[in-house]
Amino acid sequence: MSDAVTIILQDRKTGQRRNLSIKVNKEVNIAELAKNVERLTQIPSDELEVVFCGKKLSKSTVMKDLSLTPATQLMFLRSNNNSKLSTKAPIEQRLQTDSSILGSFYVWCKTCDGVKRGKLRVYCQNCSSTSVLVKSEPQNWIDVLKSKRIPVTCEDCCLPDLFAEFKFKCLTCNDLAAALTHVRGNWQLEECCVCDGKEKIVFDLGCNHISCQDCFKDYLLSTLDNFNFINKPPYGFTISCPYPGCNRVVQDVHHFHLMGQSSYSDYQRKATERLIAIDDEGVTCPNVSCGQSFFWEPYDDDGRSQCPDCFYTFCRKCTEKDCVCQSDDDLTRTTIDATTRRCPNCNVATERNGGCSHIHCTSCGLDWCFKCVTEWKEECQWDHWF
Amino acid sequence: MSDAATRRLMKELAQLKNENPEGLLIDNAITSSDLKQWKIGVVGAEGTLYAGEVFTLQFTFGPQYPFNSPEVMFVGDTIPAHPHIYSNGHICLSILSDDWTPALSVQSVCLSILSMLSSSKEKKHPMDDAIYVRTCNKNPSKTRWWFHDDSV
């Protein structure tokens, strides 16, 4: 099948720039495409280099592997001296580099509402042009997810000290999508650690313990039921690898989209409420018909806050409209102080109304000993049960 | 039982029968037609306080298994006297509640309980046994082994 390819031809010899549209079969490779351009422009094809996604493509790359859409532009560069642009890198190595843009990773696509294969695209961070060449290859996820890691030269704005901006797109619908760093192909067809199934696309939090999509989704949903997510800064409320004893956690909340839209919103709301409760500057409106969570301004503070949603004004300490902090019979506070001990990590008041001394804090997740009021230790495990 | 739970339990049963792990008696494991309840014998290991004694563990699985933990307790006439096991058969073991993960299995639970028995230094029930047994929920999963009041 034949498709139109949009080409920007940048001729450094003449300083000219022109746009071409060429119809080519998707099965052809870059060398054949260059021959086509030669026929149209009379520029010898061995003086041309094809740049896409920030790098020079090898002659053997096949067009269909680039996952081009009608809107994508390929840049042809002609150097300003007669020597060929091509580097002396061995063919094998250059083939390998090309594979990194061919979509071996997965994204969460909002449009398709699912986990999809993704493709990586490179832009100039200054002018958003696609006519860029990277000066070094991204080596890992951080290189493409954080900005200002990979320097580029841009044929459009030509400014010094430019950096690449990477974007992920869904291979199915071509819309922008979020990279899922914990999803990968199951090349060796290993078994899911939950159901022993052998699925092609699996979750792996970087520990090589894999679980299939269905199991990971059920795992997330059952964790949401009782909100057993654990607070792990800087990732926020997250979930650990389902493999027993493994402490790796999901590092990016985009993976939680797998639960479906309404459960994801539910997760966001509950996680926000809990973060607000832990934060010294976070407060939840005590008005029973409101319950909005917000941050109070630390400056110019008289101990009272007004809810930005329902405008209820209250004392943050006693949560009463008319402050009772100063009154002598503050029974609530005395009772709380007398009947609870505070979590040694997050300071939340904790009451033990039965059971053993092993406290698992539902606020921050710390396991601590109600006897020592320190983290739960081997000694507590044997001697401090009751 | 959900399809996923049934599939997983069938697989676990086949694997248990195949491997026949030492210290576990699995011959008459299935006590209900729908795989919902299992009974597995555990034999105290040689050289421990419970050497040669046989106890029965009862597993009850919910439709959300393995994403929710099974309910596991000792049943029958002999309940092992152990600092983490109540005289009504309830077991205080973190993987049965908070530390449960869906990659754990009947076999891994049994082996954890066996090793808990093996490491015991004295044969006695927990200190609050009398009060716990009188006041606890019938389902040990409903017992929270730690307590926290969200409202304060």
# chains A, B, ... in the order shown; residues from 1 in each chain; ligands from 1
>>> interface_residues(of="chain A", to="chain B", cutoff="8 Å", atoms="only C-alpha atoms", output="list in words")
Cys193, Val194, Cys195, Asp218, Tyr219, Ser222, Pro242, Tyr243, Pro244, Ile336, Ala349, Thr350, Glu351, Arg352, Asn353, Gly354, Gly355, Cys356, Ser357, His358, Ile359, His360, Cys361, Thr362 and Phe386 of chain A
>>> residues_around(residues="range 66-75 of chain A", least_positions_apart="5", cutoff="10 Å", atoms="only C-alpha atoms", output="ChimeraX atom specification")
/A:3-10,19-21,26,48-54,56,61,98-99,101-103,118-119,129-132,155,171-174
>>> write_last_selection(atoms="N, CA and C atoms", output="JSON list (two decimals), in the first residue's frame")
[["chain", "number", "residue", "atom", "x", "y", "z"],
["A", 3, "ASP", "N", 1.50, 5.45, 0.50],
["A", 3, "ASP", "CA", 1.06, 6.58, 1.30],
["A", 3, "ASP", "C", 1.92, 7.79, 1.02],
["A", 4, "ALA", "N", 1.32, 8.97, 1.21],
["A", 4, "ALA", "CA", 2.08, 10.19, 1.01],
["A", 4, "ALA", "C", 2.95, 10.45, 2.23],
["A", 5, "VAL", "N", 4.22, 10.80, 1.98],
["A", 5, "VAL", "CA", 5.12, 11.14, 3.07],
["A", 5, "VAL", "C", 5.53, 12.59, 2.90],
["A", 6, "THR", "N", 5.43, 13.35, 3.97],
["A", 6, "THR", "CA", 5.83, 14.75, 3.90],
["A", 6, "THR", "C", 7.30, 14.86, 4.27],
["A", 7, "ILE", "N", 8.04, 15.55, 3.41],
["A", 7, "ILE", "CA", 9.49, 15.64, 3.62],
["A", 7, "ILE", "C", 9.92, 17.10, 3.66],
["A", 8, "ILE", "N", 10.74, 17.44, 4.61],
["A", 8, "ILE", "CA", 11.37, 18.75, 4.62],
["A", 8, "ILE", "C", 12.81, 18.54, 4.18],
["A", 9, "LEU", "N", 13.19, 19.21, 3.11],
["A", 9, "LEU", "CA", 14.55, 19.05, 2.61],
["A", 9, "LEU", "C", 15.36, 20.28, 3.00],
["A", 10, "GLN", "N", 16.35, 20.06, 3.83],
["A", 10, "GLN", "CA", 17.20, 21.16, 4.29],
["A", 10, "GLN", "C", 18.54, 21.03, 3.57],
["A", 19, "ASN", "N", 9.68, 21.88, 0.87],
["A", 19, "ASN", "CA", 8.83, 20.78, 1.31],
["A", 19, "ASN", "C", 8.45, 19.91, 0.13],
["A", 20, "LEU", "N", 8.45, 18.62, 0.35],
["A", 20, "LEU", "CA", 8.06, 17.69, -0.71],
["A", 20, "LEU", "C", 7.02, 16.73, -0.15],
["A", 21, "SER", "N", 6.21, 16.25, -1.06],
["A", 21, "SER", "CA", 5.32, 15.18, -0.66],
["A", 21, "SER", "C", 5.51, 14.04, -1.65],
["A", 26, "LYS", "N", 4.84, 1.49, 1.72],
["A", 26, "LYS", "CA", 5.30, 1.43, 3.11],
["A", 26, "LYS", "C", 6.37, 0.36, 3.35],
["A", 48, "LEU", "N", 22.45, 12.71, 0.98],
["A", 48, "LEU", "CA", 21.30, 12.97, 1.85],
["A", 48, "LEU", "C", 21.31, 12.08, 3.09],
["A", 49, "GLU", "N", 20.97, 12.69, 4.20],
["A", 49, "GLU", "CA", 20.76, 11.90, 5.42],
["A", 49, "GLU", "C", 19.32, 12.11, 5.85],
["A", 50, "VAL", "N", 18.71, 11.05, 6.34],
["A", 50, "VAL", "CA", 17.33, 11.16, 6.77],
["A", 50, "VAL", "C", 17.28, 11.22, 8.29],
["A", 51, "VAL", "N", 16.64, 12.31, 8.78],
["A", 51, "VAL", "CA", 16.58, 12.50, 10.22],
["A", 51, "VAL", "C", 15.15, 12.35, 10.70],
["A", 52, "PHE", "N", 14.98, 11.51, 11.71],
["A", 52, "PHE", "CA", 13.65, 11.32, 12.27],
["A", 52, "PHE", "C", 13.79, 11.00, 13.75],
["A", 53, "CYS", "N", 12.91, 11.61, 14.54],
["A", 53, "CYS", "CA", 12.94, 11.38, 15.98],
["A", 53, "CYS", "C", 14.32, 11.69, 16.55],
["A", 54, "GLY", "N", 14.94, 12.73, 16.05],
["A", 54, "GLY", "CA", 16.19, 13.18, 16.65],
["A", 54, "GLY", "C", 17.41, 12.44, 16.19],
["A", 56, "LYS", "N", 19.70, 10.13, 12.92],
["A", 56, "LYS", "CA", 19.85, 9.74, 11.52],
["A", 56, "LYS", "C", 19.44, 8.29, 11.38],
["A", 61, "THR", "N", 16.38, 0.92, 7.32],
["A", 61, "THR", "CA", 15.13, 1.04, 8.06],
["A", 61, "THR", "C", 13.94, 1.03, 7.11],
["A", 98, "ASP", "N", 18.12, 2.24, 15.74],
["A", 98, "ASP", "CA", 16.82, 2.53, 15.15],
["A", 98, "ASP", "C", 15.68, 1.85, 15.88],
["A", 99, "SER", "N", 15.97, 0.71, 16.46],
["A", 99, "SER", "CA", 14.88, -0.03, 17.08],
["A", 99, "SER", "C", 14.27, 0.72, 18.26],
["A", 101, "ILE", "N", 13.14, 3.64, 18.48],
["A", 101, "ILE", "CA", 11.98, 4.48, 18.19],
["A", 101, "ILE", "C", 10.82, 3.67, 17.64],
["A", 102, "LEU", "N", 10.97, 2.37, 17.60],
["A", 102, "LEU", "CA", 9.96, 1.58, 16.93],
["A", 102, "LEU", "C", 8.88, 1.07, 17.88],
["A", 103, "GLY", "N", 8.74, 1.70, 19.01],
["A", 103, "GLY", "CA", 7.60, 1.39, 19.85],
["A", 103, "GLY", "C", 7.71, 0.08, 20.58],
["A", 118, "GLY", "N", 3.20, 2.18, 22.39],
["A", 118, "GLY", "CA", 3.44, 3.59, 22.19],
["A", 118, "GLY", "C", 4.61, 3.85, 21.28],
["A", 119, "LYS", "N", 4.71, 5.10, 20.84],
["A", 119, "LYS", "CA", 5.90, 5.50, 20.09],
["A", 119, "LYS", "C", 6.44, 6.77, 20.71],
["A", 129, "SER", "N", 9.88, 22.24, 16.93],
["A", 129, "SER", "CA", 10.11, 21.67, 15.61],
["A", 129, "SER", "C", 10.54, 20.21, 15.73],
["A", 130, "THR", "N", 10.22, 19.44, 14.69],
["A", 130, "THR", "CA", 10.67, 18.04, 14.68],
["A", 130, "THR", "C", 12.02, 17.92, 13.98],
["A", 131, "SER", "N", 12.52, 19.04, 13.43],
["A", 131, "SER", "CA", 13.79, 19.00, 12.69],
["A", 131, "SER", "C", 14.96, 19.07, 13.66],
["A", 132, "VAL", "N", 15.07, 18.10, 14.52],
["A", 132, "VAL", "CA", 16.14, 18.11, 15.52],
["A", 132, "VAL", "C", 16.99, 16.86, 15.42],
["A", 155, "GLU", "N", 17.28, 22.38, 13.38],
["A", 155, "GLU", "CA", 17.44, 22.99, 12.06],
["A", 155, "GLU", "C", 16.51, 24.17, 11.88],
["A", 171, "LEU", "N", 0.17, 4.25, 19.55],
["A", 171, "LEU", "CA", 0.40, 3.70, 18.22],
["A", 171, "LEU", "C", -0.92, 3.44, 17.50],
["A", 172, "THR", "N", -1.99, 3.27, 18.26],
["A", 172, "THR", "CA", -3.28, 2.97, 17.65],
["A", 172, "THR", "C", -3.98, 4.23, 17.13],
["A", 173, "CYS", "N", -4.07, 5.26, 17.99],
["A", 173, "CYS", "CA", -4.86, 6.43, 17.60],
["A", 173, "CYS", "C", -4.01, 7.67, 17.38],
["A", 174, "ASN", "N", -2.72, 7.59, 17.67],
["A", 174, "ASN", "CA", -1.80, 8.69, 17.42],
["A", 174, "ASN", "C", -1.96, 9.88, 18.38]]
>>> atom_distance(atom1="CA of Trp141 in chain A", atom2="CA of Ala179 in chain A")
9.3 Å
>>> atom_distance(atom1="CA of Ser263 in chain A", atom2="CA of Asp279 in chain A")
24.2 Å
